[in-house]
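**Q** mmCIF, C-alpha atoms, saved as entry.cif, coming up:
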```cif
data_my_file
#
loop_
_atom_site.label_atom_id
_atom_site.label_comp_id
_atom_site.auth_asym_id
_atom_site.auth_seq_id
_atom_site.Cartn_x
_atom_site.Cartn_y
_atom_site.Cartn_z
CA MET S 933 14.84 -21.10 -43.99
CA ARG S 934 11.41 -22.50 -43.20
CA HIS S 935 12.02 -25.83 -44.96
CA ASP S 936 14.46 -27.31 -42.53
CA LEU S 937 12.38 -26.61 -39.47
CA PRO S 938 14.02 -29.07 -37.08
CA LEU S 939 17.43 -27.81 -37.99
CA SER S 940 16.54 -24.13 -37.71
CA GLU S 941 14.86 -24.72 -34.38
CA ASN S 942 17.94 -26.50 -33.24
CA SER S 943 20.27 -23.77 -34.40
CA SER S 944 18.13 -21.04 -32.86
CA SER S 945 18.22 -22.77 -29.49
CA VAL S 946 21.97 -23.07 -29.81
CA ARG S 947 22.13 -19.39 -30.66
CA ARG S 948 19.97 -18.56 -27.68
CA MET S 949 22.22 -20.49 -25.38
CA SER S 950 25.34 -18.83 -26.70
CA ASN S 951 23.54 -15.52 -26.49
CA VAL S 952 22.90 -16.04 -22.79
CA ALA S 953 26.40 -17.23 -22.16
CA THR S 954 28.16 -14.33 -23.86
CA SER S 955 25.77 -11.48 -23.05
CA PRO S 956 27.46 -8.85 -20.92
CA SER S 957 25.00 -8.54 -18.08
CA ARG S 958 25.61 -6.63 -14.91
CA PHE S 959 24.10 -9.47 -12.90
CA ALA S 960 25.77 -12.17 -14.96
CA ALA S 961 28.27 -13.02 -12.23
CA LEU S 962 25.41 -13.49 -9.77
CA ALA S 963 23.69 -15.94 -12.10
CA ASN S 964 26.05 -18.58 -10.83
CA PRO S 965 24.20 -19.92 -7.76
CA THR S 966 27.43 -20.75 -5.97
CA ARG S 967 28.64 -17.16 -6.34
CA PHE S 968 25.24 -15.94 -5.15
CA LEU S 969 25.32 -18.17 -2.09
CA GLN S 970 28.83 -17.01 -1.19
CA LEU S 971 28.07 -13.32 -1.64
CA SER S 972 24.65 -13.37 0.05
CA GLY S 973 26.05 -15.41 2.91
CA ALA S 974 28.63 -12.71 3.54
CA ILE S 975 26.13 -9.83 3.32
CA GLN S 976 23.31 -11.48 5.26
CA PRO S 977 24.51 -11.10 8.89
CA TRP S 978 25.37 -7.44 8.34
CA LEU S 979 21.99 -6.77 6.81
CA TYR S 980 20.17 -8.36 9.75
CA GLY S 981 22.38 -6.53 12.24
CA LEU S 982 21.80 -3.17 10.58
CA ALA S 983 18.06 -3.85 10.32
CA LEU S 984 17.81 -4.63 14.03
CA VAL S 985 19.78 -1.52 15.05
CA VAL S 986 17.72 0.79 12.83
CA LEU S 987 14.45 -0.87 13.90
CA ALA S 988 15.33 -0.54 17.58
CA ALA S 989 16.08 3.16 17.07
CA GLY S 990 12.89 3.61 15.05
CA LEU S 991 10.66 1.92 17.60
CA PHE S 992 12.27 3.90 20.43
CA LEU S 993 11.62 7.15 18.54
CA ALA S 994 8.06 5.99 17.80
CA LEU S 995 7.32 5.29 21.45
CA THR S 996 8.80 8.60 22.63
CA ALA S 997 7.17 10.70 19.89
CA PRO S 998 4.71 13.34 21.09
CA ASP S 999 0.96 12.77 21.02
CA ASP S 1000 -0.92 14.11 18.03
CA TYR S 1001 -3.30 17.02 18.60
CA GLN S 1002 -6.24 15.04 17.19
CA GLN S 1003 -5.35 11.38 17.48
CA GLY S 1004 -3.57 11.50 20.82
CA SER S 1005 -1.49 8.41 21.47
CA THR S 1006 -3.13 6.43 18.68
CA VAL S 1007 -0.85 8.24 16.23
CA ARG S 1008 1.84 5.71 17.19
CA ILE S 1009 0.16 2.99 15.12
CA MET S 1010 1.05 5.09 12.08
CA PHE S 1011 4.77 4.47 12.69
CA ILE S 1012 4.34 0.77 11.91
CA HIS S 1013 1.21 0.83 9.73
CA VAL S 1014 2.64 3.17 7.09
CA PRO S 1015 5.98 1.28 6.70
CA PHE S 1016 4.04 -2.01 6.40
CA ALA S 1017 1.89 -0.53 3.64
CA TRP S 1018 4.91 0.95 1.85
CA ILE S 1019 6.77 -2.36 1.97
CA ALA S 1020 3.66 -4.21 0.78
CA MET S 1021 3.81 -2.08 -2.38
CA MET S 1022 7.61 -2.12 -2.60
CA THR S 1023 7.68 -5.92 -2.47
CA TRP S 1024 5.35 -6.18 -5.45
CA THR S 1025 7.56 -3.67 -7.28
CA VAL S 1026 10.67 -5.74 -6.48
CA MET S 1027 8.84 -8.81 -7.78
CA SER S 1028 7.85 -6.92 -10.95
CA VAL S 1029 11.49 -6.09 -11.69
CA SER S 1030 12.33 -9.74 -11.05
CA ALA S 1031 9.50 -10.82 -13.36
CA LEU S 1032 11.05 -8.70 -16.12
CA GLY S 1033 14.31 -10.49 -15.31
CA THR S 1034 12.57 -13.82 -15.89
CA LEU S 1035 10.73 -12.88 -19.07
CA VAL S 1036 13.29 -10.64 -20.77
CA TRP S 1037 16.74 -11.64 -19.56
CA ARG S 1038 15.92 -15.20 -18.45
CA HIS S 1039 17.98 -14.60 -15.35
CA PRO S 1040 18.00 -17.82 -13.30
CA LEU S 1041 17.73 -15.99 -9.96
CA ALA S 1042 14.82 -13.77 -11.02
CA ASP S 1043 12.23 -16.47 -10.45
CA VAL S 1044 13.89 -17.38 -7.16
CA SER S 1045 13.47 -13.73 -6.15
CA VAL S 1046 9.75 -13.69 -7.06
CA LYS S 1047 9.03 -16.92 -5.24
CA ALA S 1048 10.98 -15.84 -2.14
CA ALA S 1049 9.42 -12.37 -1.94
CA ALA S 1050 5.75 -13.37 -2.24
CA PRO S 1051 5.14 -14.71 1.29
CA ILE S 1052 7.05 -11.81 2.86
CA GLY S 1053 5.00 -9.32 0.87
CA ALA S 1054 1.81 -11.11 1.85
CA VAL S 1055 2.69 -10.85 5.55
CA PHE S 1056 3.50 -7.14 5.31
CA THR S 1057 0.23 -6.52 3.44
CA PHE S 1058 -1.72 -8.44 6.06
CA LEU S 1059 -0.02 -6.52 8.88
CA SER S 1060 -0.80 -3.20 7.22
CA LEU S 1061 -4.46 -4.21 6.91
CA VAL S 1062 -4.62 -5.31 10.55
CA THR S 1063 -2.83 -2.28 11.99
CA GLY S 1064 -4.93 0.04 9.81
CA SER S 1065 -8.05 -1.63 11.10
CA ILE S 1066 -6.95 -1.21 14.71
CA TRP S 1067 -6.30 2.48 14.02
CA GLY S 1068 -9.58 2.89 12.16
CA ARG S 1069 -11.77 1.60 14.98
CA PRO S 1070 -11.11 4.49 17.43
CA MET S 1071 -10.39 7.18 14.80
CA TRP S 1072 -12.98 6.59 12.09
CA GLY S 1073 -15.39 4.61 14.23
CA THR S 1074 -15.20 1.46 12.10
CA TRP S 1075 -12.86 -1.49 11.63
CA TRP S 1076 -13.31 -1.67 7.89
CA VAL S 1077 -14.99 0.11 4.99
CA TRP S 1078 -14.92 -0.77 1.30
CA ASP S 1079 -13.38 2.46 0.11
CA ALA S 1080 -10.95 2.58 -2.81
CA ARG S 1081 -7.73 2.53 -0.74
CA LEU S 1082 -8.72 -0.30 1.58
CA THR S 1083 -10.23 -2.37 -1.20
CA SER S 1084 -7.24 -2.00 -3.52
CA VAL S 1085 -4.86 -3.07 -0.72
CA PHE S 1086 -7.12 -6.02 0.02
CA ILE S 1087 -6.91 -6.98 -3.67
CA LEU S 1088 -3.11 -6.75 -3.37
CA PHE S 1089 -3.29 -9.19 -0.47
CA LEU S 1090 -5.42 -11.62 -2.50
CA MET S 1091 -2.97 -11.36 -5.40
CA TYR S 1092 -0.10 -12.25 -3.07
CA LEU S 1093 -2.03 -15.33 -1.95
CA GLY S 1094 -2.74 -16.30 -5.57
CA LEU S 1095 0.91 -15.84 -6.47
CA ILE S 1096 2.03 -17.98 -3.53
CA ALA S 1097 -0.33 -20.74 -4.66
CA LEU S 1098 0.88 -20.45 -8.26
CA THR S 1099 4.59 -20.54 -7.44
CA ARG S 1100 4.06 -23.66 -5.38
CA ALA S 1101 1.53 -25.46 -7.55
CA LEU S 1102 3.80 -26.58 -10.38
CA GLU S 1103 6.68 -28.96 -9.76
CA ASP S 1104 8.83 -27.69 -12.63
CA PRO S 1105 10.33 -24.31 -11.65
CA GLY S 1106 10.82 -23.37 -15.32
CA ARG S 1107 7.10 -23.59 -16.11
CA SER S 1108 5.84 -21.88 -12.98
CA ALA S 1109 8.41 -19.10 -13.45
CA ARG S 1110 6.80 -17.79 -16.66
CA ALA S 1111 3.26 -17.99 -15.27
CA ALA S 1112 4.27 -16.29 -12.02
CA ALA S 1113 6.12 -13.54 -13.88
CA VAL S 1114 3.08 -12.81 -16.03
CA LEU S 1115 0.81 -12.68 -12.97
CA VAL S 1116 3.24 -10.34 -11.20
CA LEU S 1117 3.37 -7.94 -14.15
CA VAL S 1118 -0.40 -7.95 -14.60
CA GLY S 1119 -0.81 -7.32 -10.87
CA PHE S 1120 1.59 -4.39 -11.01
CA VAL S 1121 -1.27 -2.35 -12.52
CA ASN S 1122 -2.73 -2.32 -9.00
CA ILE S 1123 0.27 -0.54 -7.45
CA PRO S 1124 -0.38 2.94 -8.92
CA ILE S 1125 -4.08 2.41 -8.22
CA ILE S 1126 -3.29 1.87 -4.51
CA LYS S 1127 -0.99 4.89 -4.40
CA PHE S 1128 -3.37 7.33 -6.13
CA SER S 1129 -6.71 5.88 -4.97
CA VAL S 1130 -6.96 8.56 -2.29
CA ASP S 1131 -6.48 11.30 -4.91
CA TRP S 1132 -8.68 9.88 -7.66
CA TRP S 1133 -11.77 9.05 -5.61
CA ASN S 1134 -13.50 10.10 -2.38
CA THR S 1135 -12.20 7.73 0.23
CA LEU S 1136 -12.50 7.47 3.98
CA HIS S 1137 -8.74 6.92 4.07
CA GLN S 1138 -6.84 10.19 4.36
CA PRO S 1139 -4.76 11.48 1.41
CA ALA S 1140 -0.97 11.12 1.35
CA SER S 1141 0.92 12.96 4.10
CA VAL S 1142 4.53 12.11 3.24
CA MET S 1143 4.96 11.30 -0.44
CA ARG S 1144 3.22 14.20 -2.10
CA VAL S 1145 4.20 16.86 -4.57
CA ASP S 1146 4.33 19.80 -2.18
CA GLY S 1147 6.38 18.02 0.49
CA PRO S 1148 5.32 16.17 3.63
CA ALA S 1149 2.41 17.55 5.66
CA MET S 1150 3.96 16.18 8.79
CA PRO S 1151 6.20 17.88 11.34
CA ALA S 1152 9.65 16.41 11.98
CA ALA S 1153 8.52 15.06 15.37
CA PHE S 1154 6.43 12.47 13.49
CA LEU S 1155 8.29 12.33 10.19
CA VAL S 1156 11.67 11.30 11.65
CA PRO S 1157 10.38 8.26 13.64
CA LEU S 1158 8.28 7.24 10.64
CA LEU S 1159 11.20 7.36 8.21
CA VAL S 1160 13.56 5.56 10.61
CA CYS S 1161 10.96 2.81 11.15
CA ALA S 1162 10.41 2.58 7.40
CA ALA S 1163 14.18 2.25 6.80
CA GLY S 1164 14.41 -0.45 9.49
CA PHE S 1165 11.53 -2.52 8.13
CA THR S 1166 12.89 -2.11 4.58
CA LEU S 1167 16.29 -3.45 5.68
CA LEU S 1168 14.51 -6.29 7.45
CA PHE S 1169 12.58 -7.07 4.26
CA PHE S 1170 15.77 -7.28 2.18
CA ALA S 1171 17.49 -9.42 4.82
CA MET S 1172 14.55 -11.84 4.92
CA HIS S 1173 14.29 -11.80 1.13
CA LEU S 1174 17.95 -12.78 0.87
CA THR S 1175 17.46 -15.62 3.36
CA ALA S 1176 14.40 -16.88 1.50
CA MET S 1177 16.28 -16.70 -1.83
CA ARG S 1178 19.17 -18.69 -0.40
CA THR S 1179 16.75 -21.31 0.91
CA GLU S 1180 15.10 -21.56 -2.50
CA VAL S 1181 18.44 -21.88 -4.33
CA LEU S 1182 19.47 -24.66 -1.96
CA ARG S 1183 16.07 -26.33 -2.30
CA ARG S 1184 16.36 -26.36 -6.09
CA ARG S 1185 19.88 -27.72 -5.81
CA VAL S 1186 18.65 -30.57 -3.59
CA MET S 1187 15.84 -31.31 -6.04
CA ALA S 1188 18.26 -31.40 -8.98
CA LEU S 1189 20.70 -33.60 -7.11
CA SER S 1190 18.03 -36.06 -6.03
CA ARG S 1191 16.76 -36.21 -9.63
CA LEU S 1192 20.28 -36.98 -10.80
CA ALA S 1193 20.68 -39.60 -8.11
CA ALA S 1194 17.36 -41.22 -9.04
CA ARG S 1195 18.35 -41.27 -12.70
CA ALA S 1196 21.73 -42.77 -11.87
CA SER S 1197 20.24 -45.50 -9.72
CA GLY S 1198 17.53 -46.19 -12.30
CA ALA S 1199 20.01 -46.53 -15.21
CA MET B 753 16.71 -5.38 -32.58
CA THR B 754 17.87 -8.17 -30.35
CA ARG B 755 15.59 -10.85 -28.99
CA LYS B 756 15.73 -9.28 -25.52
CA GLN B 757 14.73 -5.86 -26.78
CA LYS B 758 11.86 -7.48 -28.67
CA ARG B 759 10.64 -9.19 -25.50
CA LEU B 760 11.03 -6.00 -23.51
CA PHE B 761 9.00 -4.00 -26.03
CA SER B 762 6.24 -6.58 -26.30
CA ILE B 763 5.94 -6.72 -22.51
CA GLY B 764 5.90 -2.92 -22.43
CA GLY B 765 3.15 -2.91 -25.06
CA VAL B 766 1.04 -5.42 -23.16
CA MET B 767 1.49 -3.43 -19.94
CA MET B 768 0.38 -0.24 -21.71
CA VAL B 769 -2.75 -1.94 -23.02
CA LEU B 770 -3.48 -3.32 -19.55
CA ALA B 771 -2.99 0.09 -17.95
CA VAL B 772 -5.33 1.73 -20.46
CA ALA B 773 -7.92 -1.02 -19.94
CA ALA B 774 -7.72 -0.66 -16.17
CA GLY B 775 -7.97 3.12 -16.52
CA LEU B 776 -11.10 2.85 -18.67
CA VAL B 777 -12.77 0.39 -16.31
CA LEU B 778 -12.00 2.53 -13.27
CA THR B 779 -13.19 5.71 -14.99
CA ALA B 780 -16.43 4.00 -15.96
CA LEU B 781 -16.94 2.75 -12.42
CA SER B 782 -15.77 5.92 -10.68
CA ASP B 783 -19.28 6.73 -9.41
CA SER B 784 -19.51 3.48 -7.51
CA ILE B 785 -15.86 3.49 -6.42
CA ALA B 786 -16.32 6.89 -4.77
CA PHE B 787 -16.98 6.17 -1.12
CA PHE B 788 -19.35 9.05 -0.52
CA MET B 789 -21.33 11.84 -2.23
CA SER B 790 -20.73 15.48 -1.46
CA PRO B 791 -23.57 17.86 -0.54
CA THR B 792 -23.23 19.32 -4.04
CA ASP B 793 -23.75 15.86 -5.57
CA ILE B 794 -26.88 15.47 -3.42
CA ALA B 795 -28.17 18.89 -4.48
CA GLU B 796 -27.60 18.06 -8.15
CA LYS B 797 -29.32 14.68 -8.13
CA ALA B 798 -31.08 13.82 -4.91
CA PRO B 799 -31.16 10.09 -4.17
CA SER B 800 -34.58 8.54 -3.69
CA PRO B 801 -35.67 8.09 -0.04
CA SER B 802 -35.29 4.32 -0.36
CA GLN B 803 -31.70 4.50 -1.59
CA ARG B 804 -28.93 4.19 0.97
CA VAL B 805 -26.09 6.64 0.33
CA ARG B 806 -23.05 8.00 2.10
CA LEU B 807 -22.70 11.71 2.50
CA GLY B 808 -19.28 13.20 3.17
CA GLY B 809 -18.11 16.69 4.04
CA LEU B 810 -17.23 18.94 6.93
CA VAL B 811 -19.40 19.41 9.99
CA GLU B 812 -20.55 23.00 9.61
CA GLU B 813 -19.32 25.40 12.30
CA GLY B 814 -21.96 26.14 14.92
CA SER B 815 -24.49 23.69 13.50
CA VAL B 816 -24.22 20.89 16.08
CA GLU B 817 -27.28 20.64 18.35
CA ARG B 818 -27.47 17.83 20.83
CA GLY B 819 -31.06 16.79 21.46
CA ALA B 820 -32.59 14.32 23.88
CA SER B 821 -31.36 10.73 24.13
CA GLN B 822 -28.20 10.85 22.03
CA THR B 823 -29.87 12.50 19.06
CA VAL B 824 -27.57 14.95 17.31
CA ARG B 825 -28.46 17.39 14.56
CA PHE B 826 -25.80 19.03 12.44
CA ARG B 827 -25.16 20.12 8.88
CA ILE B 828 -22.61 18.60 6.52
CA THR B 829 -21.11 21.13 4.14
CA ASP B 830 -18.63 21.17 1.28
CA THR B 831 -18.50 25.00 1.62
CA VAL B 832 -20.81 25.30 -1.43
CA GLN B 833 -23.90 23.37 -0.40
CA SER B 834 -24.90 21.95 2.95
CA VAL B 835 -27.27 19.22 4.03
CA PRO B 836 -28.97 18.91 7.46
CA VAL B 837 -28.31 15.58 9.17
CA THR B 838 -29.88 13.85 12.15
CA PHE B 839 -28.19 10.97 13.89
CA THR B 840 -28.95 8.94 17.01
CA GLY B 841 -26.10 7.05 18.58
CA LEU B 842 -22.47 7.27 19.58
CA LEU B 843 -20.25 9.59 17.58
CA PRO B 844 -16.58 8.79 16.89
CA ASP B 845 -13.86 10.47 18.98
CA LEU B 846 -12.78 12.80 16.20
CA PHE B 847 -16.30 14.17 15.61
CA ARG B 848 -16.43 17.92 16.12
CA GLU B 849 -17.26 21.09 14.23
CA GLY B 850 -14.99 21.57 11.25
CA GLN B 851 -14.15 17.87 11.16
CA GLY B 852 -14.53 15.78 8.00
CA VAL B 853 -17.19 13.09 8.45
CA VAL B 854 -18.94 10.48 6.34
CA ALA B 855 -22.56 9.75 7.29
CA GLU B 856 -24.44 6.73 5.97
CA GLY B 857 -28.21 6.67 5.70
CA THR B 858 -31.05 7.92 3.56
CA LEU B 859 -32.29 11.31 2.42
CA SER B 860 -35.83 11.85 3.68
CA PRO B 861 -38.41 13.52 1.38
CA ASP B 862 -38.06 16.80 3.34
CA HIS B 863 -34.34 16.80 2.45
CA VAL B 864 -33.03 15.91 5.89
CA PHE B 865 -30.35 13.25 5.83
CA VAL B 866 -31.21 10.55 8.38
CA ALA B 867 -27.91 8.89 9.25
CA ASP B 868 -27.59 5.55 10.97
CA SER B 869 -23.82 5.65 11.14
CA VAL B 870 -21.31 8.49 11.24
CA LEU B 871 -17.61 7.92 10.54
CA ALA B 872 -14.93 10.52 11.17
CA LYS B 873 -12.59 11.20 8.27
CA HIS B 874 -9.09 11.96 9.38
CA ASP B 875 -7.14 14.49 7.34
CA GLU B 876 -3.53 14.20 6.26
CA ASN B 877 -2.25 16.71 8.82
CA TYR B 878 -0.35 15.86 11.96
CA MET B 879 0.74 18.14 14.80
CA PRO B 880 2.26 17.43 18.20
CA LYS B 881 -0.15 18.18 21.02
CA GLU B 882 2.28 20.61 22.67
CA VAL B 883 2.30 22.72 19.52
CA GLU B 884 -1.49 22.91 19.66
CA ASP B 885 -1.39 23.91 23.34
CA ASP B 886 1.31 26.46 22.58
CA LEU B 887 -0.66 27.95 19.69
CA LYS B 888 -3.77 28.12 21.84
CA ALA B 889 -1.84 29.76 24.67
CA ARG B 890 -0.55 32.41 22.29
CA GLY B 891 -3.97 32.90 20.73
CA LEU B 892 -2.83 31.81 17.28
CA TRP B 893 -5.02 28.72 17.11
CA GLN B 894 -7.42 28.63 14.18
CA HIS B 895 -10.31 26.64 15.47
CA THR B 896 -11.26 24.90 12.22
CA GLY B 897 -9.13 21.88 12.98
CA GLU B 898 -6.79 22.63 10.09
CA PRO B 899 -3.37 23.18 11.57
CA THR B 900 -1.73 26.36 10.37
CA ALA B 901 1.11 26.03 7.91
CA SER B 902 3.25 28.27 10.09
CA ALA B 903 3.16 25.82 12.97
CA PRO B 904 6.69 25.21 14.25
CA ALA B 905 7.95 21.92 12.95
CA THR B 906 9.80 20.71 16.01
CA PRO B 907 8.13 20.43 19.37
CA ALA B 908 9.79 21.27 22.63
CA PRO B 909 11.86 18.41 24.08
CA HIS B 910 9.46 16.11 25.75
CA VAL B 911 9.84 13.34 28.30
CA GLY B 912 7.51 10.43 28.87
CA ALA B 913 5.01 11.29 26.17
CA GLY B 914 1.64 9.68 26.03
CA ALA B 915 0.66 6.28 27.29
#
```
Once you've parsed the file, please lay out its structure as C-alpha cells.
**A**
Amino acid sequence: MRHDLPLSENSSSVRRMSNVATSPSRFAALANPTRFLQLSGAIQPWLYGLALVVLAAGLFLALTAPDDYQQGSTVRIMFIHVPFAWIAMMTWTVMSVSALGTLVWRHPLADVSVKAAAPIGAVFTFLSLVTGSIWGRPMWGTWWVWDARLTSVFILFLMYLGLIALTRALEDPGRSARAAAVLVLVGFVNIPIIKFSVDWWNTLHQPASVMRVDGPAMPAAFLVPLLVCAAGFTLLFFAMHLTAMRTEVLRRRVMALSRLAARASGA
Amino acid sequence: MTRKQKRLFSIGGVMMVLAVAAGLVLTALSDSIAFFMSPTDIAEKAPSPSQRVRLGGLVEEGSVERGASQTVRFRITDTVQSVPVTFTGLLPDLFREGQGVVAEGTLSPDHVFVADSVLAKHDENYMPKEVEDDLKARGLWQHTGEPTASAPATPAPHVGAGA
C-alpha cells in the first residue's frame, strides 16, 4: 500500500470526496450555499421582528421593575449587563460547535459561522465589561478590579479580538478556517473558568444568582425582566449572526467569481 | 472507526489534556488568583507590614466607630476570626454593618489592618424595596442584610418605580 504513494494519496482524496458527498448529515442540505441563502433569507425578517418585540417588552419590564433594597435604581443595569455577559459566553460556545463542524465534518458553512460570530461576540463582551464597570463604580466603589471573574471575561474579549484578526489575516478561507477552529476550541477552556470563577476563588464579583444548583436567588420581579431581556438579546444575536453569515457567503461567492473571471481573461 | 469519529476523538483527547493543564495551572496559582484573604487566612499566616494585601469579610455588627475627619474603625469578620480595620476616606454606598467588604492595605505590627481603600462586595441576593419596607413594617426584617428566604417573591403592583 505504501509503495504507490501518489496513487494511494489520490485514491484517498477521492474517497474523502465521495465520503462527504454521500454522508447522511442532518445539515447536508444546508451545505449548499444557495439553499442556505434562500432559507436564511426567509427566516431573517421574522427573527429580527421577534427580537425587536421581545426586546421592547424586556426593556419596558426592566424600566418598570421595582428598586432593589440595596442597590436602589442601579439594579436596572443588571437587566442588560447579565444578558450581555451570557451572550458573550454563548457566542463562543456557538463558535466552538461550529469549529467542530469545520474540523470534524468539514461543513462548508461552519467556518462562515465562526467568522461571522466573532465580531458580534466581541461587541457583546465589550458591552458586558462596560456596563459592569458602570455598575461597579457606585456599588463596589471601583470601576475595575483584577479579580478572577473580571479578568477571565477580559481574556475572553482579547481572544475575540485575536480571532477576528486571525479570520481576516489569511486570504484563503480554507487555511484560516482550520487555524480559527483550533483557536476557538482552545479558547473554549476559558468558558467554564468564567462561569465558575466566582465559586472557585474569592472574587469581588458576586456569585451566580440565576443559574445555580438550588434555583435562582432572585424574586420574580427581577427574574422575569432579566429573562425576557436575555431572550430578546439572544434572538437579536441569532438574527445578526444570520445576516453576517449571509454577507460572508455572498462575499466568498464574489471572490470565487472574480477569481474565475480573472482566470478566464488571463487564459 | 470512520475518519470523522477518529477526528472527533482526537479533538476530544486534546481538549481533555488542555482542560487538565488549565486546571493544574489554575490550582497552582489559586493563591494569587484569589482576590482577597479572609481573617482566618490572616490569623494563620500574617503578612509582613510591608506587604500589601486585600482583606475580605463581613463588617462585624456593632463594630463601626466613626472618628474625627472621615476616619472609620470597624472589624472585618468571617464569623471565625476578626481583624480590626482603620480607614480614612469615603466609603462606598453599600458599606454598612453586616455587609461584605474588601479592604486593601497593610497589616500593621500591632495587628490592625490599615486600609487605604474599601470596596463593597455585593451578594447574590435581590429583593424589591417594597418587600423590605413591608418586612420592616411587620417586624420580620432580619437586620444582617441577608434577605430572608421566606420573603414573598412578587411585590405589590407598583407604578412609576425608581428614577
**Q** Taking 3 positions as the minimum chain separation for residues in the same chain, which residues sit within 10 Å of Ala1111 (chain S) when counting only C-alpha atoms? Answer as JSON, numbers by chain.
**A** {"S": [1031, 1035, 1095, 1098, 1099, 1102, 1106, 1107, 1108, 1114, 1115, 1116]}
**Q** Determine the residue membership of the PyMOL selection byres ((chain S) within 8 of (chain B)) for the file above and supply it as a PyMOL selection string.
**A** chain S and resi 995-1005+1032+1035-1037+1070-1074+1078-1080+1117-1118+1121+1133-1141+1149-1154
**Q** Store the residues picked out above in a file with C-alpha atoms, as a PDB file, in the frame of the given file.
**A**
```pdb
ATOM      1  CA  LEU S 995       7.320   5.290  21.450  1.00  0.00           C
ATOM      2  CA  THR S 996       8.800   8.600  22.630  1.00  0.00           C
ATOM      3  CA  ALA S 997       7.170  10.700  19.890  1.00  0.00           C
ATOM      4  CA  PRO S 998       4.710  13.340  21.090  1.00  0.00           C
ATOM      5  CA  ASP S 999       0.960  12.770  21.020  1.00  0.00           C
ATOM      6  CA  ASP S1000      -0.920  14.110  18.030  1.00  0.00           C
ATOM      7  CA  TYR S1001      -3.300  17.020  18.600  1.00  0.00           C
ATOM      8  CA  GLN S1002      -6.240  15.040  17.190  1.00  0.00           C
ATOM      9  CA  GLN S1003      -5.350  11.380  17.480  1.00  0.00           C
ATOM     10  CA  GLY S1004      -3.570  11.500  20.820  1.00  0.00           C
ATOM     11  CA  SER S1005      -1.490   8.410  21.470  1.00  0.00           C
ATOM     12  CA  LEU S1032      11.050  -8.700 -16.120  1.00  0.00           C
ATOM     13  CA  LEU S1035      10.730 -12.880 -19.070  1.00  0.00           C
ATOM     14  CA  VAL S1036      13.290 -10.640 -20.770  1.00  0.00           C
ATOM     15  CA  TRP S1037      16.740 -11.640 -19.560  1.00  0.00           C
ATOM     16  CA  PRO S1070     -11.110   4.490  17.430  1.00  0.00           C
ATOM     17  CA  MET S1071     -10.390   7.180  14.800  1.00  0.00           C
ATOM     18  CA  TRP S1072     -12.980   6.590  12.090  1.00  0.00           C
ATOM     19  CA  GLY S1073     -15.390   4.610  14.230  1.00  0.00           C
ATOM     20  CA  THR S1074     -15.200   1.460  12.100  1.00  0.00           C
ATOM     21  CA  TRP S1078     -14.920  -0.770   1.300  1.00  0.00           C
ATOM     22  CA  ASP S1079     -13.380   2.460   0.110  1.00  0.00           C
ATOM     23  CA  ALA S1080     -10.950   2.580  -2.810  1.00  0.00           C
ATOM     24  CA  LEU S1117       3.370  -7.940 -14.150  1.00  0.00           C
ATOM     25  CA  VAL S1118      -0.400  -7.950 -14.600  1.00  0.00           C
ATOM     26  CA  VAL S1121      -1.270  -2.350 -12.520  1.00  0.00           C
ATOM     27  CA  TRP S1133     -11.770   9.050  -5.610  1.00  0.00           C
ATOM     28  CA  ASN S1134     -13.500  10.100  -2.380  1.00  0.00           C
ATOM     29  CA  THR S1135     -12.200   7.730   0.230  1.00  0.00           C
ATOM     30  CA  LEU S1136     -12.500   7.470   3.980  1.00  0.00           C
ATOM     31  CA  HIS S1137      -8.740   6.920   4.070  1.00  0.00           C
ATOM     32  CA  GLN S1138      -6.840  10.190   4.360  1.00  0.00           C
ATOM     33  CA  PRO S1139      -4.760  11.480   1.410  1.00  0.00           C
ATOM     34  CA  ALA S1140      -0.970  11.120   1.350  1.00  0.00           C
ATOM     35  CA  SER S1141       0.920  12.960   4.100  1.00  0.00           C
ATOM     36  CA  ALA S1149       2.410  17.550   5.660  1.00  0.00           C
ATOM     37  CA  MET S1150       3.960  16.180   8.790  1.00  0.00           C
ATOM     38  CA  PRO S1151       6.200  17.880  11.340  1.00  0.00           C
ATOM     39  CA  ALA S1152       9.650  16.410  11.980  1.00  0.00           C
ATOM     40  CA  ALA S1153       8.520  15.060  15.370  1.00  0.00           C
ATOM     41  CA  PHE S1154       6.430  12.470  13.490  1.00  0.00           C
TER      42      PHE S1154
END
```
**Q** Need the shell around Arg827 (chain B): protein/DNA/RNA residues with any atom at most 7 Å away, counting only C-alpha atoms. Skip same-chain ones fewer than 4 positions apart. Format as a PyMOL selection string?
**A** chain B and resi 811-812+815+834-837
**Q** Can you give me, as number ranges by chain, the residues this file yields under the PyMOL selection byres ((chain S and resi 1175) around 12)?
**A** S: 968-969, 971-977, 979-980, 1044-1045, 1048-1049, 1052, 1168-1174, 1176-1182
**Q** What gap, in Å, lies between CA of Pro791 (chain B) and CA of Thr1083 (chain S)?
**A** 24.2 Å
**Q** Neighbouring residues of Met1187 (chain S) were defined as those with any atom within 12 Å, considering all atoms listed in the file; residues of the same chain fewer than 6 positions away were excluded. Please report them as a list in words.
**A**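 Answer for this query is Glu1103, Asp1104, Pro1105, Glu1180, Val1181, Ala1193 and Ala1194 of chain S.
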**Q** Selected by the PyMOL selection byres ((chain S and resi 1030) around 8) in the shown coordinates: which residues, as a ChimeraX atom specification?
**A** /S:1026-1029,1031-1034,1042-1043,1045-1046,1113
**Q** Got a sec: who's within 7 Å of Leu810 (chain B), counting only C-alpha atoms, leaving out chain neighbours fewer than 5 positions off, as a list in words?
**A**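 So, after excluding close chain neighbours, the residues are Ile828, Thr829, Asp830, Gly850, Gln851, Gly852 and Val853 of chain B.
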**Q** In Å, rounded to a single decimal, give me how far CA of Gly1094 (chain S) is from CA of Leu1061 (chain S).
**A**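 Taking CA of Leu1061 (chain S) and CA of Gly1094 (chain S), their separation equals 17.5 Å.
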**Q** Just to confirm, what's the straight-line distance from CA of Thr823 (chain B) to CA of Pro799 (chain B) in Å (one decimal)?
**A**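 So the answer is 23.4 Å.
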**Q** Any idea what's packed within 9 Å of Arg825 (chain B), counting all atoms listed in the file, ignoring anything in its chain fewer than 4 positions away? Could you give it as a PyMOL selection string?
**A** chain B and resi 815-819+836-840
**Q** Give as a list in words the set of residues within 9 Å of the point (-4.3, -4.9, -2.4), where distances use the file's coordinates and all atoms listed in the file.
**A** Ala1020, Met1021, Thr1057, Arg1081, Leu1082, Thr1083, Ser1084, Val1085, Phe1086, Ile1087, Leu1088, Phe1089, Leu1090, Met1091, Tyr1092, Asn1122, Ile1123 and Ile1126 of chain S
